[in-house]
Amino acid sequence: MWLVAIYAQTSLFSLKASHVTSSGGKSNLVPTMYSFKMALIDAAFRVGMDGEEVFQLVKPVKMCFRPPEKVVVNNSFIKILREPKNPVQGQPYTQSVGYREFVHYGSVLEIALELNDFSNENVGLIEKLLWHVNYLGKRGSFVQLNRVTREEVLERS
């Protein structure tokens, strides 16, 4: 069985690869499986659940992402604060410039989770957590869940 979550974007999305520096890097167009699993664990903590239990539950879950057909990527340079190589008393940070990419979706993002070996109780738990995921990627990359559907076979297109 597949649980399909349909998220609408409410702000620009940004998620850099983990190996890039703080001053630059291209954004992924969609969240990674890792970042989405971490969003589920974060949601569990926010509703007062045991994060370790949810971690063990979501760790083996396979996911598929269906991004919108049209995506706009905004490239920009922004001012950032960074710790200086040679610290000066009273000046903990220096100003610098960083490269950032922000992604705007033309429509919704669909995320499908394969839950074949899950009990009905655990499927319900994952579904509950999906409603509490309100950002993906970097802080400020807000999304809103529109609906969750249960499907036996995932249609590919």
# chains A, B, ... in the order shown; residues from 1 in each chain; ligands from 1
>>> residues_around(residues="segment 105-108 of chain A", least_positions_apart="2", cutoff="7 Å", atoms="only C-alpha atoms", output="number ranges by chain")
A: 6-9, 68, 70-72, 103, 110
>>> write_last_selection(atoms="N, CA, C and O atoms", output="PDB file, in the first residue's frame")
ATOM      1  N   ILE A   6      -0.126  15.093  -0.610  1.00  0.00           N
ATOM      2  CA  ILE A   6      -0.078  16.157  -1.602  1.00  0.00           C
ATOM      3  C   ILE A   6       0.096  17.482  -0.877  1.00  0.00           C
ATOM      4  O   ILE A   6      -0.784  17.916  -0.135  1.00  0.00           O
ATOM      5  N   TYR A   7       1.270  18.086  -1.082  1.00  0.00           N
ATOM      6  CA  TYR A   7       1.642  19.321  -0.392  1.00  0.00           C
ATOM      7  C   TYR A   7       1.611  20.504  -1.348  1.00  0.00           C
ATOM      8  O   TYR A   7       2.112  20.415  -2.473  1.00  0.00           O
ATOM      9  N   ALA A   8       1.040  21.618  -0.877  1.00  0.00           N
ATOM     10  CA  ALA A   8       1.084  22.885  -1.607  1.00  0.00           C
ATOM     11  C   ALA A   8       2.205  23.723  -1.000  1.00  0.00           C
ATOM     12  O   ALA A   8       2.377  23.762   0.228  1.00  0.00           O
ATOM     13  N   GLN A   9       2.952  24.383  -1.832  1.00  0.00           N
ATOM     14  CA  GLN A   9       4.040  25.236  -1.371  1.00  0.00           C
ATOM     15  C   GLN A   9       3.481  26.570  -0.921  1.00  0.00           C
ATOM     16  O   GLN A   9       2.678  27.178  -1.611  1.00  0.00           O
ATOM     17  N   PRO A  68       6.195  19.159  -9.409  1.00  0.00           N
ATOM     18  CA  PRO A  68       5.336  19.779 -10.411  1.00  0.00           C
ATOM     19  C   PRO A  68       6.014  19.774 -11.779  1.00  0.00           C
ATOM     20  O   PRO A  68       7.236  19.645 -11.877  1.00  0.00           O
ATOM     21  N   LYS A  70       6.246  22.294 -13.776  1.00  0.00           N
ATOM     22  CA  LYS A  70       6.980  23.545 -13.962  1.00  0.00           C
ATOM     23  C   LYS A  70       7.543  24.014 -12.628  1.00  0.00           C
ATOM     24  O   LYS A  70       6.836  24.055 -11.630  1.00  0.00           O
ATOM     25  N   VAL A  71       8.836  24.349 -12.656  1.00  0.00           N
ATOM     26  CA  VAL A  71       9.531  24.812 -11.465  1.00  0.00           C
ATOM     27  C   VAL A  71      10.374  26.017 -11.865  1.00  0.00           C
ATOM     28  O   VAL A  71      10.997  26.019 -12.922  1.00  0.00           O
ATOM     29  N   VAL A  72      10.382  27.034 -11.027  1.00  0.00           N
ATOM     30  CA  VAL A  72      11.205  28.220 -11.265  1.00  0.00           C
ATOM     31  C   VAL A  72      12.288  28.265 -10.198  1.00  0.00           C
ATOM     32  O   VAL A  72      11.998  28.122  -9.012  1.00  0.00           O
ATOM     33  N   VAL A 103      13.522  27.774  -4.859  1.00  0.00           N
ATOM     34  CA  VAL A 103      12.707  27.066  -5.844  1.00  0.00           C
ATOM     35  C   VAL A 103      11.239  27.384  -5.621  1.00  0.00           C
ATOM     36  O   VAL A 103      10.745  27.321  -4.496  1.00  0.00           O
ATOM     37  N   GLU A 110       3.879  15.938  -4.774  1.00  0.00           N
ATOM     38  CA  GLU A 110       3.308  14.689  -4.267  1.00  0.00           C
ATOM     39  C   GLU A 110       4.431  13.812  -3.731  1.00  0.00           C
ATOM     40  O   GLU A 110       5.463  13.647  -4.372  1.00  0.00           O
TER      41      GLU A 110
END
>>> residues_around(residues="Val73 of chain A", least_positions_apart="3", cutoff="10 Å", atoms="only C-alpha atoms", output="PDB file with all heavy atoms, in the first residue's frame")
ATOM      1  N   LEU A  12       9.022  29.874  -0.728  1.00  0.00           N
ATOM      2  CA  LEU A  12      10.048  29.314  -1.595  1.00  0.00           C
ATOM      3  C   LEU A  12      10.787  28.179  -0.898  1.00  0.00           C
ATOM      4  O   LEU A  12      10.996  28.202   0.307  1.00  0.00           O
ATOM      5  CB  LEU A  12      11.030  30.401  -2.020  1.00  0.00           C
ATOM      6  CG  LEU A  12      10.417  31.530  -2.837  1.00  0.00           C
ATOM      7  CD1 LEU A  12      11.458  32.607  -3.116  1.00  0.00           C
ATOM      8  CD2 LEU A  12       9.817  31.017  -4.127  1.00  0.00           C
ATOM      9  N   PHE A  13      11.189  27.183  -1.674  1.00  0.00           N
ATOM     10  CA  PHE A  13      11.865  26.001  -1.164  1.00  0.00           C
ATOM     11  C   PHE A  13      13.365  26.132  -1.383  1.00  0.00           C
ATOM     12  O   PHE A  13      13.817  26.605  -2.422  1.00  0.00           O
ATOM     13  CB  PHE A  13      11.342  24.757  -1.898  1.00  0.00           C
ATOM     14  CG  PHE A  13      12.089  23.499  -1.565  1.00  0.00           C
ATOM     15  CD1 PHE A  13      11.840  22.832  -0.383  1.00  0.00           C
ATOM     16  CD2 PHE A  13      13.042  22.994  -2.426  1.00  0.00           C
ATOM     17  CE1 PHE A  13      12.529  21.665  -0.063  1.00  0.00           C
ATOM     18  CE2 PHE A  13      13.732  21.833  -2.121  1.00  0.00           C
ATOM     19  CZ  PHE A  13      13.474  21.171  -0.939  1.00  0.00           C
ATOM     20  N   SER A  14      14.143  25.703  -0.398  1.00  0.00           N
ATOM     21  CA  SER A  14      15.600  25.692  -0.533  1.00  0.00           C
ATOM     22  C   SER A  14      16.154  24.534   0.278  1.00  0.00           C
ATOM     23  O   SER A  14      15.803  24.358   1.440  1.00  0.00           O
ATOM     24  CB  SER A  14      16.193  27.015  -0.038  1.00  0.00           C
ATOM     25  OG  SER A  14      17.595  26.983  -0.157  1.00  0.00           O
ATOM     26  N   LYS A  26      23.985  24.937  -5.043  1.00  0.00           N
ATOM     27  CA  LYS A  26      22.692  24.872  -5.714  1.00  0.00           C
ATOM     28  C   LYS A  26      21.694  24.134  -4.840  1.00  0.00           C
ATOM     29  O   LYS A  26      22.052  23.248  -4.082  1.00  0.00           O
ATOM     30  CB  LYS A  26      22.841  24.175  -7.060  1.00  0.00           C
ATOM     31  CG  LYS A  26      23.696  24.943  -8.041  1.00  0.00           C
ATOM     32  CD  LYS A  26      23.627  24.307  -9.403  1.00  0.00           C
ATOM     33  CE  LYS A  26      24.311  25.165 -10.426  1.00  0.00           C
ATOM     34  NZ  LYS A  26      23.559  26.331 -10.790  1.00  0.00           N
ATOM     35  N   SER A  27      20.431  24.495  -4.989  1.00  0.00           N
ATOM     36  CA  SER A  27      19.368  23.846  -4.225  1.00  0.00           C
ATOM     37  C   SER A  27      18.881  22.606  -4.967  1.00  0.00           C
ATOM     38  O   SER A  27      18.863  22.565  -6.201  1.00  0.00           O
ATOM     39  CB  SER A  27      18.196  24.809  -4.033  1.00  0.00           C
ATOM     40  OG  SER A  27      17.143  24.151  -3.356  1.00  0.00           O
ATOM     41  N   ASN A  28      18.490  21.593  -4.217  1.00  0.00           N
ATOM     42  CA  ASN A  28      17.770  20.469  -4.818  1.00  0.00           C
ATOM     43  C   ASN A  28      16.396  20.970  -5.253  1.00  0.00           C
ATOM     44  O   ASN A  28      15.850  21.888  -4.650  1.00  0.00           O
ATOM     45  CB  ASN A  28      17.598  19.343  -3.799  1.00  0.00           C
ATOM     46  CG  ASN A  28      18.910  18.742  -3.364  1.00  0.00           C
ATOM     47  OD1 ASN A  28      19.846  18.650  -4.126  1.00  0.00           O
ATOM     48  ND2 ASN A  28      18.973  18.332  -2.112  1.00  0.00           N
ATOM     49  N   LEU A  29      15.828  20.354  -6.274  1.00  0.00           N
ATOM     50  CA  LEU A  29      14.497  20.767  -6.725  1.00  0.00           C
ATOM     51  C   LEU A  29      13.394  20.191  -5.847  1.00  0.00           C
ATOM     52  O   LEU A  29      12.314  20.764  -5.759  1.00  0.00           O
ATOM     53  CB  LEU A  29      14.279  20.376  -8.189  1.00  0.00           C
ATOM     54  CG  LEU A  29      15.186  21.086  -9.185  1.00  0.00           C
ATOM     55  CD1 LEU A  29      14.888  20.614 -10.605  1.00  0.00           C
ATOM     56  CD2 LEU A  29      15.068  22.587  -9.078  1.00  0.00           C
ATOM     57  N   SER A  76      20.301  33.931  -6.400  1.00  0.00           N
ATOM     58  CA  SER A  76      20.522  35.239  -5.784  1.00  0.00           C
ATOM     59  C   SER A  76      21.759  35.219  -4.896  1.00  0.00           C
ATOM     60  O   SER A  76      22.214  34.174  -4.450  1.00  0.00           O
ATOM     61  CB  SER A  76      19.299  35.651  -4.964  1.00  0.00           C
ATOM     62  OG  SER A  76      19.050  34.703  -3.962  1.00  0.00           O
ATOM     63  N   GLU A 101      19.948  29.558  -3.898  1.00  0.00           N
ATOM     64  CA  GLU A 101      18.902  29.277  -4.879  1.00  0.00           C
ATOM     65  C   GLU A 101      17.606  28.999  -4.130  1.00  0.00           C
ATOM     66  O   GLU A 101      17.605  28.296  -3.117  1.00  0.00           O
ATOM     67  CB  GLU A 101      19.256  28.057  -5.737  1.00  0.00           C
ATOM     68  CG  GLU A 101      20.315  28.320  -6.754  1.00  0.00           C
ATOM     69  CD  GLU A 101      20.493  27.165  -7.726  1.00  0.00           C
ATOM     70  OE1 GLU A 101      19.987  26.049  -7.466  1.00  0.00           O
ATOM     71  OE2 GLU A 101      21.136  27.387  -8.742  1.00  0.00           O
ATOM     72  N   PHE A 102      16.529  29.555  -4.648  1.00  0.00           N
ATOM     73  CA  PHE A 102      15.204  29.336  -4.083  1.00  0.00           C
ATOM     74  C   PHE A 102      14.311  28.793  -5.183  1.00  0.00           C
ATOM     75  O   PHE A 102      14.324  29.290  -6.303  1.00  0.00           O
ATOM     76  CB  PHE A 102      14.637  30.631  -3.513  1.00  0.00           C
ATOM     77  CG  PHE A 102      15.472  31.194  -2.398  1.00  0.00           C
ATOM     78  CD1 PHE A 102      16.396  32.198  -2.644  1.00  0.00           C
ATOM     79  CD2 PHE A 102      15.356  30.704  -1.113  1.00  0.00           C
ATOM     80  CE1 PHE A 102      17.178  32.703  -1.626  1.00  0.00           C
ATOM     81  CE2 PHE A 102      16.135  31.200  -0.083  1.00  0.00           C
ATOM     82  CZ  PHE A 102      17.048  32.203  -0.344  1.00  0.00           C
ATOM     83  N   VAL A 103      13.522  27.774  -4.859  1.00  0.00           N
ATOM     84  CA  VAL A 103      12.707  27.066  -5.844  1.00  0.00           C
ATOM     85  C   VAL A 103      11.239  27.384  -5.621  1.00  0.00           C
ATOM     86  O   VAL A 103      10.745  27.321  -4.496  1.00  0.00           O
ATOM     87  CB  VAL A 103      12.949  25.541  -5.740  1.00  0.00           C
ATOM     88  CG1 VAL A 103      12.100  24.791  -6.754  1.00  0.00           C
ATOM     89  CG2 VAL A 103      14.425  25.221  -5.923  1.00  0.00           C
ATOM     90  N   HIS A 104      10.547  27.742  -6.710  1.00  0.00           N
ATOM     91  CA  HIS A 104       9.093  27.972  -6.660  1.00  0.00           C
ATOM     92  C   HIS A 104       8.414  26.916  -7.517  1.00  0.00           C
ATOM     93  O   HIS A 104       8.761  26.717  -8.676  1.00  0.00           O
ATOM     94  CB  HIS A 104       8.740  29.364  -7.187  1.00  0.00           C
ATOM     95  CG  HIS A 104       7.268  29.571  -7.311  1.00  0.00           C
ATOM     96  ND1 HIS A 104       6.425  29.634  -6.225  1.00  0.00           N
ATOM     97  CD2 HIS A 104       6.478  29.690  -8.402  1.00  0.00           C
ATOM     98  CE1 HIS A 104       5.186  29.804  -6.639  1.00  0.00           C
ATOM     99  NE2 HIS A 104       5.193  29.828  -7.954  1.00  0.00           N
ATOM    100  N   TYR A 105       7.444  26.219  -6.918  1.00  0.00           N
ATOM    101  CA  TYR A 105       6.701  25.183  -7.635  1.00  0.00           C
ATOM    102  C   TYR A 105       5.518  25.793  -8.369  1.00  0.00           C
ATOM    103  O   TYR A 105       4.830  26.654  -7.840  1.00  0.00           O
ATOM    104  CB  TYR A 105       6.177  24.121  -6.664  1.00  0.00           C
ATOM    105  CG  TYR A 105       7.246  23.314  -5.979  1.00  0.00           C
ATOM    106  CD1 TYR A 105       7.022  22.770  -4.733  1.00  0.00           C
ATOM    107  CD2 TYR A 105       8.477  23.081  -6.576  1.00  0.00           C
ATOM    108  CE1 TYR A 105       7.991  22.009  -4.089  1.00  0.00           C
ATOM    109  CE2 TYR A 105       9.449  22.328  -5.951  1.00  0.00           C
ATOM    110  CZ  TYR A 105       9.197  21.798  -4.700  1.00  0.00           C
ATOM    111  OH  TYR A 105      10.152  21.048  -4.080  1.00  0.00           O
TER     112      TYR A 105
END
>>> select_by_dssp(residues="segment 19-139 of chain A", states="alpha helix (DSSP H)", output="PyMOL selection string")
chain A and resi 33-46+51-58+120-130
>>> select_by_dssp(residues="chain A", states="strand (DSSP E or B)", output="number ranges by chain")
A: 2-9, 13, 16, 27, 62-66, 71-82, 88, 91, 94-105, 109-114, 135, 142-151
>>> residues_around(residues="Met1 of chain A", least_positions_apart="6", cutoff="9 Å", atoms="only C-alpha atoms", output="count of residues only")
11
>>> closest_residue(among="A:Tyr93, A:Trp131, A:Phe77, A:Phe36", to="Lys62 of chain A", atoms="only C-alpha atoms")
A:Phe36
>>> residues_around(residues="Tyr34 of chain A", least_positions_apart="5", cutoff="12 Å", atoms="only C-alpha atoms", output="list in words")
Leu15, Ala17, Ser18, Ala39, Leu40, Ile41, Phe55, Val58, Lys59, Pro60, Val61, Lys62, Met63, Leu136 and Gly137 of chain A
>>> write_last_selection(atoms="N, CA, C and O atoms", output="tab-separated table (two decimals), in the first residue's frame")
chain	number	residue	atom	x	y	z
A	15	LEU	N	17.00	23.72	-0.33
A	15	LEU	CA	17.68	22.63	0.36
A	15	LEU	C	18.96	22.33	-0.40
A	15	LEU	O	18.94	21.76	-1.48
A	17	ALA	N	22.68	20.56	-1.00
A	17	ALA	CA	23.31	19.27	-0.74
A	17	ALA	C	24.21	19.41	0.48
A	17	ALA	O	24.74	20.49	0.76
A	18	SER	N	24.39	18.35	1.22
A	18	SER	CA	25.13	18.42	2.48
A	18	SER	C	26.62	18.68	2.30
A	18	SER	O	27.29	19.11	3.23
A	39	ALA	N	11.71	15.34	8.73
A	39	ALA	CA	10.52	16.17	8.95
A	39	ALA	C	9.45	15.38	9.70
A	39	ALA	O	8.76	15.92	10.57
A	40	LEU	N	9.32	14.09	9.39
A	40	LEU	CA	8.36	13.24	10.11
A	40	LEU	C	8.76	13.07	11.57
A	40	LEU	O	7.92	13.12	12.48
A	41	ILE	N	10.06	12.89	11.81
A	41	ILE	CA	10.54	12.74	13.19
A	41	ILE	C	10.35	14.05	13.95
A	41	ILE	O	9.93	14.05	15.11
A	55	PHE	N	11.54	7.09	14.55
A	55	PHE	CA	12.73	6.88	13.74
A	55	PHE	C	12.80	5.44	13.25
A	55	PHE	O	13.03	5.17	12.07
A	58	VAL	N	10.08	4.92	10.49
A	58	VAL	CA	10.23	5.54	9.16
A	58	VAL	C	11.55	5.19	8.48
A	58	VAL	O	11.70	5.40	7.28
A	59	LYS	N	12.50	4.64	9.22
A	59	LYS	CA	13.82	4.34	8.65
A	59	LYS	C	13.75	3.47	7.38
A	59	LYS	O	14.39	3.79	6.39
A	60	PRO	N	12.97	2.39	7.35
A	60	PRO	CA	12.96	1.54	6.15
A	60	PRO	C	11.99	1.99	5.05
A	60	PRO	O	11.91	1.35	4.00
A	61	VAL	N	11.25	3.06	5.26
A	61	VAL	CA	10.21	3.47	4.31
A	61	VAL	C	10.82	3.93	2.99
A	61	VAL	O	11.74	4.74	2.97
A	62	LYS	N	10.30	3.38	1.89
A	62	LYS	CA	10.70	3.83	0.55
A	62	LYS	C	9.76	4.96	0.14
A	62	LYS	O	8.57	4.92	0.44
A	63	MET	N	10.31	5.94	-0.59
A	63	MET	CA	9.52	7.11	-0.99
A	63	MET	C	9.73	7.42	-2.46
A	63	MET	O	10.80	7.15	-3.01
A	136	LEU	N	9.71	21.75	4.60
A	136	LEU	CA	10.62	20.75	4.04
A	136	LEU	C	11.90	21.47	3.63
A	136	LEU	O	11.85	22.56	3.07
A	137	GLY	N	13.02	20.88	3.89
A	137	GLY	CA	14.28	21.53	3.54
A	137	GLY	C	14.69	22.51	4.61
A	137	GLY	O	14.55	22.25	5.80
>>> atom_distance(atom1="atom CA of Val47 of chain A", atom2="atom CA of Lys128 of chain A")
9.8 Å
>>> residues_around(residues="Glu127 of chain A", least_positions_apart="6", cutoff="9 Å", atoms="only C-alpha atoms", output="list in words")
Leu3, Ala5 and Val148 of chain A
>>> atom_distance(atom1="atom CA of Thr10 of chain A", atom2="atom CA of Ser96 of chain A")
28.6 Å
>>> residues_around(residues="Tyr99 of chain A", least_positions_apart="5", cutoff="12 Å", atoms="only C-alpha atoms", output="ChimeraX atom specification")
/A:14,16,20-27,74-80
